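A.B. asks: Mind looking over this structure? Questions follow.
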Amino acid sequence: MKTSAISMLFTSFAAVARGLAVFQESTTLNSRTEATPQTCGDVSDLTPFAELYIPSITAHVYTTNNDVVTDFIVGNPGTTYLGVTALIFSIADTSTVPFYCLRSSSAYFYTTNQTERAAALASGFVEYLSPVGYIYPSQICGSVPLYRLHFIAANPDYIYTTSTTERDNAAAMGFTYEGVAGYVYDLLSCGSPES
Ligand SMILES: *[C@@H]1O[C@H](CO)[C@@H](O)[C@H](O)[C@H]1NC(C)=O
């Protein structure tokens, strides 16, 4: 089970790498291939933003770090690898802002907002491998909204998704929709023309 989860992960990272290679070579006109490093950042700095679910703390965790994925899977029995949520920048490219990661004993919270970051730190969250990456604060260069949902309870949880279906399902299950965390690249549209 451990082994298969890890190998699934590497398969998926390999697919991402192939996808990136394809869209860099593609002659298909879409806004990402037209993106210029001057305004959009460098697409070769994009990295998978992977999603895990940790049942022992009923929390979703997002990371760009393969070692973190492996540590959770090995160290927290029952951890589920849920796939790649989006592609985000691994370094502070043009037009991006830091996507801070804060954790408490029961939740992982991600925000670009310094006021929210300060409030989380004041309420007992600590910075965790932060920033997790860099995202756009506005919808430019073919990016898509990354929606944030919050399960407000004694044992809270946050979900981040580009999927309106997943957003609406989570809201129907009792999560509160808290708006757009920032703008990212959608894995599903990788290499396909913008409509
Ligand atoms: C940042 O968060 C604060 C507190 O929630 C909010 O009032 C403010 O509008 C946010 N700023 C931006 C740019 O979203």
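Letters A, B, ... go to the chains of the structure tokens in the order shown; residues in each chain start at 1; ligands are counted from 1 in the same order.
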So which residues of stretch 10-192 of chain A fall under strand (DSSP E or B) by DSSP, listed as a PyMOL selection string?
C.D. replies: chain A and resi 46-54+59-63+80-89+97-103+108-111+126-127+133-136+144-151+157-161+176-185
A.B. asks: Name the residues in contact with stretch 162-179 of chain A at a cut-off of 12 Å, using only C-alpha atoms, excluding same-chain residues fewer than 2 positions from it; report them as a VMD selection string.
C.D. replies: chain A and resid 49 84 to 87 110 to 111 143 to 153 156 to 160 181 to 189
A.B. asks: Any idea what the distance is between atom CA of A:Ala119 and atom CA of A:Leu46?
C.D. replies: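 Atom-to-atom, atom CA of A:Ala119 and atom CA of A:Leu46 are spaced 28.9 Å apart.
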A.B. asks: Suppose you want the space between atom CA of A:Tyr53 and atom CA of A:Val69; what is it in Å?
C.D. replies: 10.5 Å
A.B. asks: Return as a tab-separated table (two decimals) with C-alpha atoms, in the first residue's frame the residues of protein, DNA or RNA that approach ligand 1 to within 8 Å, with only C-alpha atoms and all ligand atoms taken into account.
C.D. replies:
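File part.tsv, as written:
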```
chain	number	residue	atom	x	y	z
A	113	ASN	CA	-2.61	37.50	2.63
A	114	GLN	CA	-0.22	39.01	5.20
A	115	THR	CA	-3.10	40.02	7.48
A	116	GLU	CA	-4.44	36.46	7.53
```
A.B. asks: Could you check the closest approach to A:Glu127 for each of A:Ser104, A:Ser95, A:Thr79, A:Thr70 and tell me which residue wins, using only C-alpha atoms?
C.D. replies: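 Nearest candidate to A:Glu127 out of A:Ser104, A:Ser95, A:Thr79, A:Thr70: A:Ser104.
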A.B. asks: From the list A:Asn65, A:Thr112, A:Thr58, A:Asn76, which residue is nearest A:Ser138 when using only C-alpha atoms?
C.D. replies: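 The closest residue to A:Ser138 is A:Thr112.
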A.B. asks: For A:Pro131, which of A:Ile73, A:Thr64, A:Ile54, A:Ala107 is the closest residue, counting only C-alpha atoms?
C.D. replies: A:Thr64
